[in-house]
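entry21.txt, holding compact mmCIF, C-alpha atoms and all ligand atoms:
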# COMPACT_ATOMS: atom_id res chain seq x y z
CA MET A 260 77.05 -44.20 -158.17
CA GLU A 261 77.97 -47.85 -157.53
CA PRO A 262 77.20 -49.25 -154.09
CA SER A 263 80.86 -49.78 -153.36
CA ALA A 264 81.79 -46.19 -154.15
CA ASP A 265 83.43 -44.10 -151.43
CA LEU A 266 80.60 -42.78 -149.30
CA SER A 267 82.76 -41.37 -146.57
CA ALA A 268 82.43 -37.81 -147.78
CA GLY A 269 78.66 -37.57 -147.26
CA CYS A 270 75.64 -38.80 -149.07
CA PRO A 271 74.19 -36.39 -151.60
CA PHE A 272 71.52 -38.89 -152.72
CA ASP A 273 70.35 -40.20 -149.38
CA VAL A 274 66.92 -38.65 -149.53
CA ILE A 275 66.07 -40.54 -152.69
CA ARG A 276 68.38 -43.53 -152.39
CA ASP A 277 67.13 -46.19 -150.02
CA GLU A 278 68.32 -49.66 -150.98
CA ARG A 279 66.37 -51.56 -148.32
CA LYS A 280 63.94 -54.10 -149.67
CA SER A 281 62.28 -54.90 -146.37
CA ALA A 282 61.80 -51.35 -145.06
CA ARG A 283 58.26 -50.84 -146.27
CA ILE A 284 56.87 -54.14 -144.99
CA ALA A 285 58.63 -53.63 -141.68
CA ALA A 286 57.22 -50.11 -141.33
CA GLU A 287 53.74 -51.53 -141.87
CA HIS A 288 54.08 -54.36 -139.35
CA VAL A 289 56.64 -53.75 -136.67
CA VAL A 290 54.98 -52.68 -133.43
CA LEU A 291 57.45 -51.79 -130.74
CA ASP A 292 55.60 -49.76 -128.16
CA GLY A 293 53.11 -52.41 -126.99
CA HIS A 294 53.13 -53.21 -123.24
CA ASP A 295 54.28 -49.60 -122.65
CA ALA A 296 57.68 -50.59 -123.87
CA GLN A 297 60.45 -48.05 -124.00
CA VAL A 298 61.63 -48.08 -127.59
CA ILE A 299 65.37 -47.81 -128.18
CA ARG A 300 66.62 -46.65 -131.56
CA SER A 301 70.12 -45.43 -130.83
CA PHE A 302 72.85 -47.97 -131.57
CA ASN A 303 74.94 -47.18 -128.49
CA PHE A 304 71.99 -47.22 -126.12
CA ALA A 305 70.81 -50.52 -127.63
CA ARG A 306 74.24 -52.07 -127.21
CA ASP A 307 74.45 -50.88 -123.61
CA VAL A 308 71.09 -52.48 -122.85
CA LEU A 309 72.01 -55.76 -124.54
CA ARG A 310 75.18 -56.08 -122.51
CA ASN A 311 73.57 -55.08 -119.22
CA SER A 312 73.06 -58.09 -116.97
CA ILE A 313 70.01 -56.52 -115.27
CA ALA A 314 68.19 -56.42 -118.60
CA LYS A 315 66.71 -59.92 -118.97
CA GLN A 316 65.41 -61.73 -122.00
CA ALA A 317 61.82 -60.62 -122.55
CA GLY A 318 59.93 -61.52 -125.67
CA ALA A 319 56.54 -61.82 -123.89
CA GLY A 320 56.89 -65.58 -124.29
CA ALA A 321 59.90 -65.55 -122.00
CA GLU A 322 57.69 -64.79 -119.03
CA GLN A 323 55.34 -67.63 -119.88
CA VAL A 324 58.01 -70.26 -120.17
CA ASP A 325 58.09 -72.85 -117.41
CA MET A 326 61.37 -72.23 -115.64
CA GLY A 327 60.73 -75.01 -113.13
CA ASN A 328 64.02 -76.50 -114.18
CA PRO A 329 66.06 -73.70 -115.71
CA GLU A 330 68.89 -76.10 -116.51
CA HIS A 331 66.53 -77.71 -119.00
CA ALA A 332 64.98 -74.58 -120.52
CA SER A 333 66.00 -73.42 -123.95
CA VAL A 334 69.17 -71.34 -124.02
CA PHE A 335 67.19 -68.48 -125.52
CA PHE A 336 65.06 -68.03 -122.38
CA LEU A 337 67.79 -68.33 -119.78
CA ASP A 338 69.69 -65.53 -118.07
CA GLY A 339 72.47 -65.25 -115.50
CA ASP A 340 74.48 -68.27 -114.41
CA PRO A 341 72.29 -70.98 -115.99
CA HIS A 342 72.58 -69.10 -119.29
CA ARG A 343 76.35 -68.71 -118.97
CA ARG A 344 76.75 -72.41 -118.19
CA LYS A 345 74.64 -73.39 -121.16
CA ARG A 346 76.42 -71.08 -123.55
CA SER A 347 79.82 -72.37 -122.52
CA ALA A 348 78.59 -75.96 -122.86
CA ILE A 349 77.48 -75.40 -126.47
CA ALA A 350 80.35 -73.08 -127.43
CA ARG A 351 82.42 -75.94 -128.84
CA PHE A 352 79.78 -76.53 -131.53
CA PHE A 353 80.21 -72.98 -132.81
CA THR A 354 83.97 -72.40 -132.81
CA ALA A 355 85.59 -70.99 -135.94
CA LYS A 356 87.36 -74.34 -136.36
CA ALA A 357 84.10 -76.30 -136.24
CA VAL A 358 82.59 -73.95 -138.80
CA THR A 359 85.50 -74.04 -141.24
CA THR A 360 86.13 -77.79 -141.00
CA ARG A 361 83.26 -79.99 -139.93
CA TYR A 362 80.31 -77.81 -140.94
CA ARG A 363 82.07 -76.52 -144.03
CA ALA A 364 81.93 -80.07 -145.39
CA VAL A 365 78.11 -80.15 -144.98
CA MET A 366 77.81 -76.72 -146.56
CA ASP A 367 79.83 -77.81 -149.61
CA ARG A 368 78.12 -81.19 -149.95
CA THR A 369 74.61 -79.77 -149.65
CA THR A 370 75.30 -76.79 -151.91
CA ASN A 371 76.71 -79.08 -154.61
CA ALA A 372 73.74 -81.43 -154.41
CA LEU A 373 71.18 -78.61 -154.50
CA LEU A 374 72.89 -76.86 -157.41
CA ALA A 375 73.18 -80.15 -159.34
CA GLN A 376 69.43 -80.68 -158.95
CA MET A 377 68.80 -77.10 -160.01
CA LYS A 378 70.96 -77.47 -163.13
CA ALA A 379 69.20 -80.70 -164.10
CA ALA A 380 65.83 -78.96 -163.80
CA GLY A 381 66.94 -75.67 -165.38
CA GLY A 382 65.90 -73.73 -162.27
CA ALA A 383 64.64 -73.84 -158.70
CA ARG A 384 62.65 -72.00 -156.06
CA LEU A 385 65.20 -70.05 -154.12
CA ASP A 386 63.45 -70.09 -150.72
CA ALA A 387 62.96 -73.86 -150.94
CA ILE A 388 66.60 -74.67 -151.66
CA SER A 389 67.81 -72.10 -149.15
CA LEU A 390 65.73 -73.76 -146.44
CA GLN A 391 67.13 -77.16 -147.40
CA LEU A 392 70.65 -75.85 -147.00
CA ALA A 393 69.93 -74.12 -143.69
CA VAL A 394 68.19 -77.24 -142.36
CA ALA A 395 71.06 -79.52 -143.40
CA VAL A 396 73.67 -77.38 -141.68
CA ALA A 397 71.76 -76.73 -138.44
CA ALA A 398 70.67 -80.40 -138.35
CA GLU A 399 74.32 -81.46 -138.35
CA ILE A 400 75.07 -79.19 -135.39
CA VAL A 401 72.00 -80.24 -133.44
CA GLY A 402 72.17 -83.92 -134.38
CA LEU A 403 68.90 -84.22 -136.31
CA THR A 404 70.40 -86.70 -138.72
CA ASN A 405 68.20 -89.80 -138.48
CA SER A 406 65.38 -88.87 -140.82
CA ASP A 407 64.97 -87.79 -144.42
CA GLN A 408 66.26 -84.24 -144.62
CA ALA A 409 64.15 -82.97 -147.51
CA SER A 410 61.00 -84.11 -145.66
CA MET A 411 62.24 -82.62 -142.41
CA SER A 412 62.87 -79.35 -144.19
CA SER A 413 59.27 -79.21 -145.43
CA ARG A 414 57.94 -80.29 -142.01
CA ILE A 415 59.84 -77.42 -140.38
CA GLY A 416 58.64 -74.98 -143.03
CA VAL A 417 55.04 -76.07 -142.52
CA THR A 418 55.25 -76.15 -138.72
CA LEU A 419 56.46 -72.60 -138.58
CA ALA A 420 54.08 -71.42 -141.27
CA SER A 421 51.23 -72.90 -139.26
CA SER A 422 51.96 -70.61 -136.35
CA ARG A 423 52.34 -67.47 -138.42
CA ARG A 424 49.19 -66.01 -137.00
CA ALA A 425 50.43 -66.30 -133.43
CA LYS A 426 50.49 -62.91 -131.71
CA SER A 427 54.11 -62.68 -130.82
CA TYR A 428 57.39 -60.95 -131.10
CA TRP A 429 60.56 -62.69 -132.03
CA LEU A 430 61.61 -66.24 -131.48
CA ALA A 431 60.54 -66.47 -127.86
CA ARG A 432 56.78 -66.33 -128.19
CA ILE A 433 56.30 -69.24 -130.50
CA LEU A 434 58.12 -72.02 -128.82
CA GLN A 435 55.63 -73.10 -126.19
CA PRO A 436 52.34 -72.74 -128.11
CA ILE A 437 53.39 -74.60 -131.21
CA LEU A 438 54.99 -77.39 -129.28
CA PHE A 439 51.58 -78.97 -128.82
CA ARG A 440 50.34 -78.54 -132.33
CA TYR A 441 50.01 -81.39 -134.68
CA ARG A 442 52.75 -80.29 -137.00
CA ALA A 443 55.23 -79.82 -134.23
CA LEU A 444 54.38 -83.28 -132.99
CA SER A 445 55.01 -84.64 -136.45
CA PHE A 446 58.44 -83.00 -136.36
CA PHE A 447 58.99 -84.60 -132.97
CA TYR A 448 57.93 -88.12 -133.94
CA ARG A 449 59.56 -88.21 -137.35
CA ASP A 450 62.74 -86.27 -136.77
CA VAL A 451 63.55 -85.57 -133.14
CA ARG A 452 62.63 -88.88 -131.54
CA PRO A 453 64.60 -91.04 -134.01
CA ALA A 454 67.62 -88.79 -133.40
CA ILE A 455 67.24 -89.21 -129.63
CA THR A 456 66.85 -92.99 -129.92
CA ALA A 457 69.99 -93.30 -132.04
CA ARG A 458 71.99 -91.18 -129.59
CA ARG A 459 70.77 -93.06 -126.55
CA LYS A 460 72.46 -96.10 -128.14
CA ALA A 461 75.58 -94.26 -129.26
CA ARG A 462 76.42 -90.66 -128.38
CA GLN A 463 77.77 -88.43 -131.11
CA ASP A 464 79.41 -85.03 -131.14
CA ASP A 465 76.30 -82.88 -131.35
CA ILE A 466 73.83 -80.92 -129.25
CA ILE A 467 71.28 -83.70 -128.74
CA SER A 468 74.01 -86.01 -127.40
CA HIS A 469 75.12 -83.23 -125.07
CA LEU A 470 71.55 -82.69 -123.85
CA LEU A 471 71.20 -86.43 -123.15
CA ASP A 472 74.38 -86.33 -121.12
CA GLU A 473 72.85 -83.48 -119.13
CA GLY A 474 69.74 -85.57 -118.42
CA TYR A 475 67.27 -83.62 -120.57
CA SER A 476 63.80 -85.06 -121.09
CA ASN A 477 62.35 -85.60 -124.58
CA LYS A 478 60.31 -82.43 -124.10
CA GLY A 479 63.40 -80.42 -123.15
CA ILE A 480 65.22 -81.72 -126.22
CA MET A 481 62.23 -80.93 -128.43
CA ILE A 482 62.14 -77.33 -127.17
CA GLU A 483 65.82 -76.99 -127.91
CA CYS A 484 65.34 -78.43 -131.41
CA MET A 485 62.53 -75.93 -132.05
CA THR A 486 64.85 -73.15 -130.89
CA TYR A 487 67.38 -74.15 -133.52
CA ALA A 488 64.69 -74.67 -136.15
CA VAL A 489 63.57 -71.07 -135.71
CA ALA A 490 66.83 -69.43 -134.73
CA GLY A 491 69.10 -71.27 -137.11
CA MET A 492 67.11 -72.58 -140.02
CA VAL A 493 64.32 -70.14 -140.78
CA THR A 494 66.37 -66.98 -140.19
CA THR A 495 69.16 -68.19 -142.46
CA ARG A 496 66.72 -69.09 -145.23
CA GLU A 497 65.33 -65.56 -145.28
CA PHE A 498 68.77 -64.03 -145.27
CA ILE A 499 70.09 -66.19 -148.12
CA VAL A 500 67.17 -65.14 -150.35
CA MET A 501 67.59 -61.48 -149.38
CA ALA A 502 71.33 -61.49 -150.08
CA ALA A 503 70.82 -63.29 -153.39
CA TRP A 504 68.20 -60.75 -154.41
CA HIS A 505 70.56 -57.83 -153.80
CA LEU A 506 73.42 -59.55 -155.59
CA PHE A 507 71.32 -60.50 -158.62
CA GLU A 508 70.14 -56.92 -158.90
CA ARG A 509 73.50 -55.17 -158.58
CA GLN A 510 76.02 -56.13 -161.18
CA ALA A 511 78.97 -54.26 -159.64
CA LEU A 512 78.32 -55.73 -156.22
CA ARG A 513 77.93 -59.21 -157.71
CA GLU A 514 81.20 -58.87 -159.61
CA ARG A 515 82.97 -57.72 -156.46
CA PHE A 516 81.47 -60.65 -154.53
CA LEU A 517 82.62 -63.19 -157.12
CA ALA A 518 86.10 -61.68 -157.41
CA GLY A 519 86.53 -61.18 -153.67
CA ASP A 520 88.32 -63.31 -151.13
CA GLU A 521 86.44 -64.84 -148.21
CA ASP A 522 86.79 -61.72 -146.04
CA ASP A 523 85.45 -59.43 -148.72
CA GLN A 524 82.54 -61.75 -149.47
CA LEU A 525 81.67 -61.82 -145.77
CA ALA A 526 81.92 -58.02 -145.57
CA ILE A 527 79.39 -57.73 -148.41
CA LEU A 528 76.99 -60.17 -146.76
CA GLU A 529 77.29 -58.52 -143.35
CA GLU A 530 76.53 -55.15 -144.88
CA ILE A 531 73.41 -56.57 -146.52
CA LEU A 532 72.37 -58.06 -143.17
CA ARG A 533 72.94 -54.71 -141.45
CA LEU A 534 70.52 -53.11 -143.86
CA GLU A 535 68.03 -56.00 -143.88
CA PRO A 536 68.08 -57.47 -140.36
CA VAL A 537 66.05 -60.67 -140.19
CA ALA A 538 65.03 -59.96 -136.58
CA SER A 539 63.60 -56.45 -136.45
CA ALA A 540 63.40 -56.18 -132.69
CA LEU A 541 64.81 -57.65 -129.50
CA HIS A 542 63.14 -57.32 -126.11
CA ARG A 543 64.50 -57.08 -122.61
CA ARG A 544 62.97 -56.33 -119.21
CA ALA A 545 64.67 -54.39 -116.44
CA ALA A 546 64.79 -56.85 -113.55
CA GLU A 547 65.74 -53.95 -111.24
CA GLU A 548 66.12 -50.23 -111.80
CA ILE A 549 68.90 -49.59 -114.30
CA SER A 550 70.82 -46.36 -113.96
CA GLY A 551 73.63 -44.93 -116.01
CA LEU A 552 72.00 -45.64 -119.37
CA GLY A 553 70.50 -42.61 -121.08
CA SER A 554 69.34 -39.49 -119.28
CA HIS A 555 66.91 -41.13 -116.79
CA PRO A 556 67.06 -44.33 -114.77
CA ILE A 557 65.04 -47.17 -116.28
CA ALA A 558 62.41 -48.28 -113.77
CA ALA A 559 62.30 -51.90 -112.65
CA GLY A 560 59.88 -53.89 -114.79
CA THR A 561 60.21 -51.67 -117.87
CA VAL A 562 60.15 -53.56 -121.17
CA LEU A 563 62.85 -52.33 -123.51
CA ALA A 564 62.11 -52.79 -127.20
CA ILE A 565 65.24 -52.50 -129.29
CA ASP A 566 64.56 -51.37 -132.82
CA ILE A 567 67.34 -53.16 -134.70
CA ARG A 568 66.50 -51.48 -138.01
CA ALA A 569 66.85 -48.03 -136.49
CA ALA A 570 69.98 -48.87 -134.50
CA ASN A 571 71.67 -50.37 -137.56
CA THR A 572 71.07 -47.19 -139.54
CA ASP A 573 72.03 -44.78 -136.75
CA GLU A 574 74.31 -42.34 -138.58
CA SER A 575 76.50 -41.83 -135.54
CA VAL A 576 77.86 -45.34 -136.11
CA THR A 577 77.20 -45.96 -139.81
CA GLY A 578 78.46 -42.67 -141.21
CA ALA A 579 76.81 -41.18 -144.26
CA CYS A 580 74.17 -42.88 -146.40
CA PRO A 581 73.00 -45.42 -143.82
CA HIS A 582 70.37 -46.82 -146.20
CA GLN A 583 72.83 -47.79 -148.88
CA ILE A 584 74.94 -50.88 -149.27
CA ASP A 585 78.58 -50.04 -148.72
CA PRO A 586 80.69 -53.10 -147.89
CA ASP A 587 83.59 -50.90 -146.77
CA ARG A 588 81.47 -49.06 -144.21
CA ALA A 589 82.09 -51.30 -141.19
CA GLN A 590 85.84 -51.25 -141.58
CA ARG A 591 85.84 -47.50 -142.13
CA MET A 592 83.67 -46.96 -139.05
CA LYS A 593 85.57 -49.60 -137.02
CA MET A 594 82.36 -51.53 -136.39
CA GLY A 595 81.40 -55.22 -136.43
CA GLY A 596 79.98 -55.77 -139.92
CA ALA A 597 76.43 -56.89 -139.18
CA TYR A 598 75.98 -54.21 -136.49
CA LEU A 599 73.17 -55.50 -134.21
CA SER A 600 71.63 -58.00 -136.64
CA PHE A 601 72.98 -60.91 -134.59
CA GLY A 602 72.24 -59.18 -131.30
CA PHE A 603 74.91 -58.25 -128.77
CA GLY A 604 76.06 -59.29 -125.30
CA SER A 605 75.32 -62.56 -123.61
CA HIS A 606 72.55 -63.68 -125.99
CA ARG A 607 74.43 -62.73 -129.16
CA CYS A 608 73.76 -65.33 -131.83
CA PRO A 609 76.14 -68.27 -131.43
CA GLY A 610 75.37 -69.32 -135.02
CA SER A 611 76.42 -66.07 -136.70
CA GLN A 612 79.54 -67.54 -138.29
CA VAL A 613 77.65 -70.62 -139.39
CA ALA A 614 74.97 -68.48 -141.04
CA MET A 615 77.44 -66.20 -142.78
CA HIS A 616 79.65 -68.99 -144.06
CA GLU A 617 76.83 -71.12 -145.38
CA THR A 618 75.33 -68.10 -147.14
CA ARG A 619 78.72 -67.27 -148.63
CA VAL A 620 79.40 -70.82 -149.82
CA PHE A 621 75.95 -71.21 -151.32
CA LEU A 622 75.81 -67.85 -153.10
CA ASP A 623 79.34 -68.22 -154.41
CA GLY A 624 78.30 -71.52 -156.02
CA LEU A 625 74.91 -70.27 -157.20
CA LEU A 626 76.18 -67.10 -158.87
CA ARG A 627 78.78 -69.05 -160.85
CA VAL A 628 76.24 -71.43 -162.43
CA PRO A 629 76.17 -70.88 -166.21
CA GLY A 630 73.18 -68.85 -167.31
CA ILE A 631 72.04 -68.14 -163.72
CA ARG A 632 69.44 -65.39 -163.42
CA LEU A 633 66.63 -64.30 -161.11
CA GLU A 634 63.61 -65.24 -163.15
CA ARG A 635 61.03 -64.15 -160.59
CA GLU A 636 61.61 -61.80 -157.68
CA PRO A 637 60.42 -62.90 -154.23
CA GLN A 638 57.13 -61.75 -152.80
CA VAL A 639 57.80 -59.82 -149.64
CA GLY A 640 55.62 -60.91 -146.74
CA TRP A 641 55.75 -60.64 -142.98
CA ASN A 642 56.16 -63.25 -140.27
CA LYS A 643 54.67 -61.96 -137.03
CA MET A 644 56.20 -64.51 -134.74
CA LEU A 645 59.73 -63.78 -135.93
CA MET A 646 58.97 -60.10 -136.51
CA SER A 647 60.75 -60.66 -139.74
CA TYR A 648 60.35 -60.27 -143.46
CA GLU A 649 59.54 -63.39 -145.38
CA LEU A 650 60.63 -63.83 -148.98
CA ARG A 651 58.68 -66.39 -150.96
CA ASP A 652 58.40 -67.79 -154.47
CA ALA A 653 61.59 -66.34 -155.92
CA ARG A 654 62.66 -68.43 -158.87
CA VAL A 655 66.12 -68.74 -160.30
CA ALA A 656 66.73 -70.15 -163.77
CA CYS A 657 69.93 -71.45 -165.36
CA ASP A 658 71.22 -73.33 -168.38
CA ARG A 659 69.96 -76.89 -168.23
CA GLY A 660 72.45 -79.71 -168.09
C1 LIG B 701 71.12 -65.01 -140.76
C2 LIG B 701 70.86 -65.90 -139.82
C3 LIG B 701 70.66 -65.60 -138.36
C4 LIG B 701 70.24 -64.44 -137.76
C5 LIG B 701 69.86 -63.12 -138.42
C6 LIG B 701 70.22 -64.68 -136.33
C7 LIG B 701 69.89 -63.74 -135.38
C8 LIG B 701 69.92 -63.95 -134.02
C9 LIG B 701 69.72 -62.93 -133.02
C10 LIG B 701 69.41 -61.45 -133.30
C11 LIG B 701 69.83 -63.51 -131.79
C12 LIG B 701 69.79 -62.81 -130.43
C13 LIG B 701 68.46 -62.90 -129.74
C14 LIG B 701 68.41 -62.02 -128.50
O1 LIG B 701 69.37 -61.38 -128.12
O2 LIG B 701 67.32 -61.97 -127.90
C15 LIG B 701 70.08 -64.93 -132.02
C16 LIG B 701 70.20 -65.87 -131.03
C17 LIG B 701 70.38 -67.21 -131.28
N1 LIG B 701 70.71 -67.81 -132.48
FE1 LIG B 701 70.83 -66.87 -134.26
N2 LIG B 701 70.62 -65.98 -136.10
C18 LIG B 701 70.91 -66.57 -137.30
C19 LIG B 701 71.40 -67.86 -137.51
C20 LIG B 701 71.59 -68.81 -136.51
C21 LIG B 701 72.11 -70.14 -136.71
C22 LIG B 701 72.59 -70.69 -138.05
C23 LIG B 701 72.04 -70.78 -135.50
C24 LIG B 701 72.44 -72.17 -135.14
C25 LIG B 701 72.65 -73.16 -135.96
C26 LIG B 701 71.51 -69.83 -134.54
C27 LIG B 701 71.26 -70.10 -133.20
C28 LIG B 701 70.88 -69.15 -132.27
C29 LIG B 701 70.63 -69.46 -130.87
C30 LIG B 701 70.72 -70.83 -130.22
C31 LIG B 701 70.31 -68.25 -130.25
C32 LIG B 701 69.97 -68.02 -128.78
C33 LIG B 701 71.25 -67.63 -128.05
C34 LIG B 701 71.03 -67.17 -126.62
O3 LIG B 701 69.92 -66.77 -126.27
O4 LIG B 701 72.00 -67.20 -125.87
N3 LIG B 701 71.25 -68.65 -135.19
N4 LIG B 701 70.16 -65.15 -133.38
Represent the structure from my file as structure tokens, please.
Amino acid sequence: MEPSADLSAGCPFDVIRDERKSARIAAEHVVLDGHDAQVIRSFNFARDVLRNSIAKQAGAGAEQVDMGNPEHASVFFLDGDPHRRKRSAIARFFTAKAVTTRYRAVMDRTTNALLAQMKAAGGARLDAISLQLAVAVAAEIVGLTNSDQASMSSRIGVTLASSRRAKSYWLARILQPILFRYRALSFFYRDVRPAITARRKARQDDIISHLLDEGYSNKGIMIECMTYAVAGMVTTREFIVMAAWHLFERQALRERFLAGDEDDQLAILEEILRLEPVASALHRRAAEEISGLGSHPIAAGTVLAIDIRAANTDESVTGACPHQIDPDRAQRMKMGGAYLSFGFGSHRCPGSQVAMHETRVFLDGLLRVPGIRLEREPQVGWNKMLMSYELRDARVACDRG
């Protein structure tokens, strides 16, 4: 049965058919019940928690972050009014118009340059070029445009690799500790500081200029840049490689992707992201007792660990065959395509459209290159700090010229 076949009638093969590539590594590494956390696996319960204003951001790092001046803390750590103000201030960088006009130009330009290099060499490492694309796009939004981008891309890769052993959950836990490490400082001095200096002289239409207008210190700007490096660059790299892997492997899905219009291509990518969420878990803490969710009140102080993988495959919202790729599923079930892979509620990923469009543009170009093939599959590893799969050393080959 092809992945796009009608699965609405039930899934006779579900027991044996599991198309997830990251399920095994996640099962080995994801720990959700530390700190006596209440683990949430139901989609509806998870969504109710994520939209509840009493449930505050809680990767353990969130509690260690200096909130002395909440106006200058990273958007990821904020809650309540300061968070709302910050989100509305940055919203203009993430509108559909900004994505399809201004950032689309960077996506096209960078994709063309990366694919030209790949064709000249007869191949490339997929995770390396995916990171370069993700860095170029996020750098344009943030305003990290005054240093060499290929070097910045490897500095970011190395900085985040260097903290892989940190004991942490998702994005939140890494920001403070790595700030003081040598590699993070190198990122600061070579990439962030030159961008700040240039914008002190002449503001531009980007996040660093906005932060300067708000009176942020260099440290505050650096923390924000690290947020985007992790949230926007590294996550997108992993997803591009994962989506490419699925599309290389499945001829029918690849043909549908290449023949499809933009909406259909996005539906395919969102369905892959549903099945292979980059962030496996999100954490919240009940600031006060929460009642009305589930059968018992949630006591104040309880950590809520949302199992995104389980919620995204909850049959009550996916229908039959939750472990299979079915790009028509979301529409049939009247659901948002990526389910909870971009979160939900006030912290929902502002960069979701950016990530999906850049992945779509890049893979559409890549899969049309003459002779393109996946020469070596990625090695599947685990990144503790992101609680995410990590796909390395995949190699694509193509006709040279
Ligand atoms: C496939 C790629 C991506 C995935 C899977 C992803 C996933 C997520 C998730 C799950 C959250 C919610 C965290 C929570 O609720 O605790 C989030 C937040 C965030 N993402 Fe993304 N993201 C991606 C790409 C991007 C991009 C491209 C950008 C920007 C250029 C970005 C910027 C952010 C920011 C700033 C936040 C924090 C928002 C807040 O706390 O209000 N992300 N992301």
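Note that CA of Trp641 in chain A and CA of Ser611 in chain A are 22.3 Å apart.
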Let me have the centre and edge lengths of the axis-aligned box enclosing all listed atoms of ligand LIG 701 (chain B) with 4 Å padding on every side, in Å to one decimal, as AutoDock Vina command-line options.
--center_x 70.0 --center_y -67.3 --center_z -133.3 --size_x 13.3 --size_y 19.8 --size_z 22.9
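Comparing A:Glu483, A:Gln316, A:Asn371, A:Gly602 by their smallest distance to Leu622 in chain A, the closest is A:Asn371 (using only C-alpha atoms).
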- Go through A:His542, A:Arg515, A:His505, A:His331 one by one, measure the shortest atom-to-atom distance of each to ligand LIG 701 (chain B) using all atoms listed in the file, and give the residue with the smallest value. A:His542
Using only C-alpha atoms and all ligand atoms, tabulate the residues of chain A lying at most 6 Å from any atom of ligand LIG 701 (chain B), each with its closest atom pair and that distance in Å to one decimal, by chain and increasing residue number, as JSON lines.
{"residue": "A:Val334", "atom": "CA", "partner": "B:LIG701", "partner_atom": "O3", "distance": 5.1}
{"residue": "A:Phe335", "atom": "CA", "partner": "B:LIG701", "partner_atom": "O3", "distance": 3.3}
{"residue": "A:Ala397", "atom": "CA", "partner": "B:LIG701", "partner_atom": "C25", "distance": 4.4}
{"residue": "A:Tyr487", "atom": "CA", "partner": "B:LIG701", "partner_atom": "C27", "distance": 5.6}
{"residue": "A:Ala490", "atom": "CA", "partner": "B:LIG701", "partner_atom": "N3", "distance": 4.5}
{"residue": "A:Gly491", "atom": "CA", "partner": "B:LIG701", "partner_atom": "C21", "distance": 3.2}
{"residue": "A:Thr494", "atom": "CA", "partner": "B:LIG701", "partner_atom": "C2", "distance": 4.6}
{"residue": "A:Thr495", "atom": "CA", "partner": "B:LIG701", "partner_atom": "C2", "distance": 3.9}
{"residue": "A:Phe498", "atom": "CA", "partner": "B:LIG701", "partner_atom": "C1", "distance": 5.2}
{"residue": "A:Val537", "atom": "CA", "partner": "B:LIG701", "partner_atom": "C5", "distance": 4.9}
{"residue": "A:Ala538", "atom": "CA", "partner": "B:LIG701", "partner_atom": "C10", "distance": 5.7}
{"residue": "A:Leu541", "atom": "CA", "partner": "B:LIG701", "partner_atom": "O2", "distance": 5.2}
{"residue": "A:Ser600", "atom": "CA", "partner": "B:LIG701", "partner_atom": "C10", "distance": 5.3}
{"residue": "A:Phe601", "atom": "CA", "partner": "B:LIG701", "partner_atom": "C10", "distance": 3.8}
{"residue": "A:Gly602", "atom": "CA", "partner": "B:LIG701", "partner_atom": "C10", "distance": 4.1}
{"residue": "A:His606", "atom": "CA", "partner": "B:LIG701", "partner_atom": "O4", "distance": 3.6}
{"residue": "A:Arg607", "atom": "CA", "partner": "B:LIG701", "partner_atom": "C12", "distance": 4.8}
{"residue": "A:Cys608", "atom": "CA", "partner": "B:LIG701", "partner_atom": "C16", "distance": 3.7}
{"residue": "A:Pro609", "atom": "CA", "partner": "B:LIG701", "partner_atom": "C28", "distance": 5.4}
{"residue": "A:Gly610", "atom": "CA", "partner": "B:LIG701", "partner_atom": "C23", "distance": 3.7}
{"residue": "A:Ser611", "atom": "CA", "partner": "B:LIG701", "partner_atom": "C19", "distance": 5.4}
{"residue": "A:Val613", "atom": "CA", "partner": "B:LIG701", "partner_atom": "C22", "distance": 5.2}
{"residue": "A:Ala614", "atom": "CA", "partner": "B:LIG701", "partner_atom": "C22", "distance": 4.4}
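What separates CA of Lys478 in chain A from CA of Val365 in chain A is a distance of 27.5 Å.
With all atoms listed in the file as the atoms that count, the minimum distance from Ile284 in chain A to the choices A:Cys657, A:Val500, A:Met646, A:Leu525 is reached by A:Met646.
Shortest atom-to-atom contact with Ser413 in chain A among A:Asp386, A:Asp472, A:Glu278, A:Glu399: A:Asp386, counting all atoms listed in the file.
Using only C-alpha atoms, the smallest distance between any of A:Asp465, A:Asp292, A:Asp450, A:Asp566 and Leu309 in chain A comes from A:Asp566.
The spacing separating CA of Ile527 in chain A from CA of Gly596 in chain A amounts to 8.7 Å.
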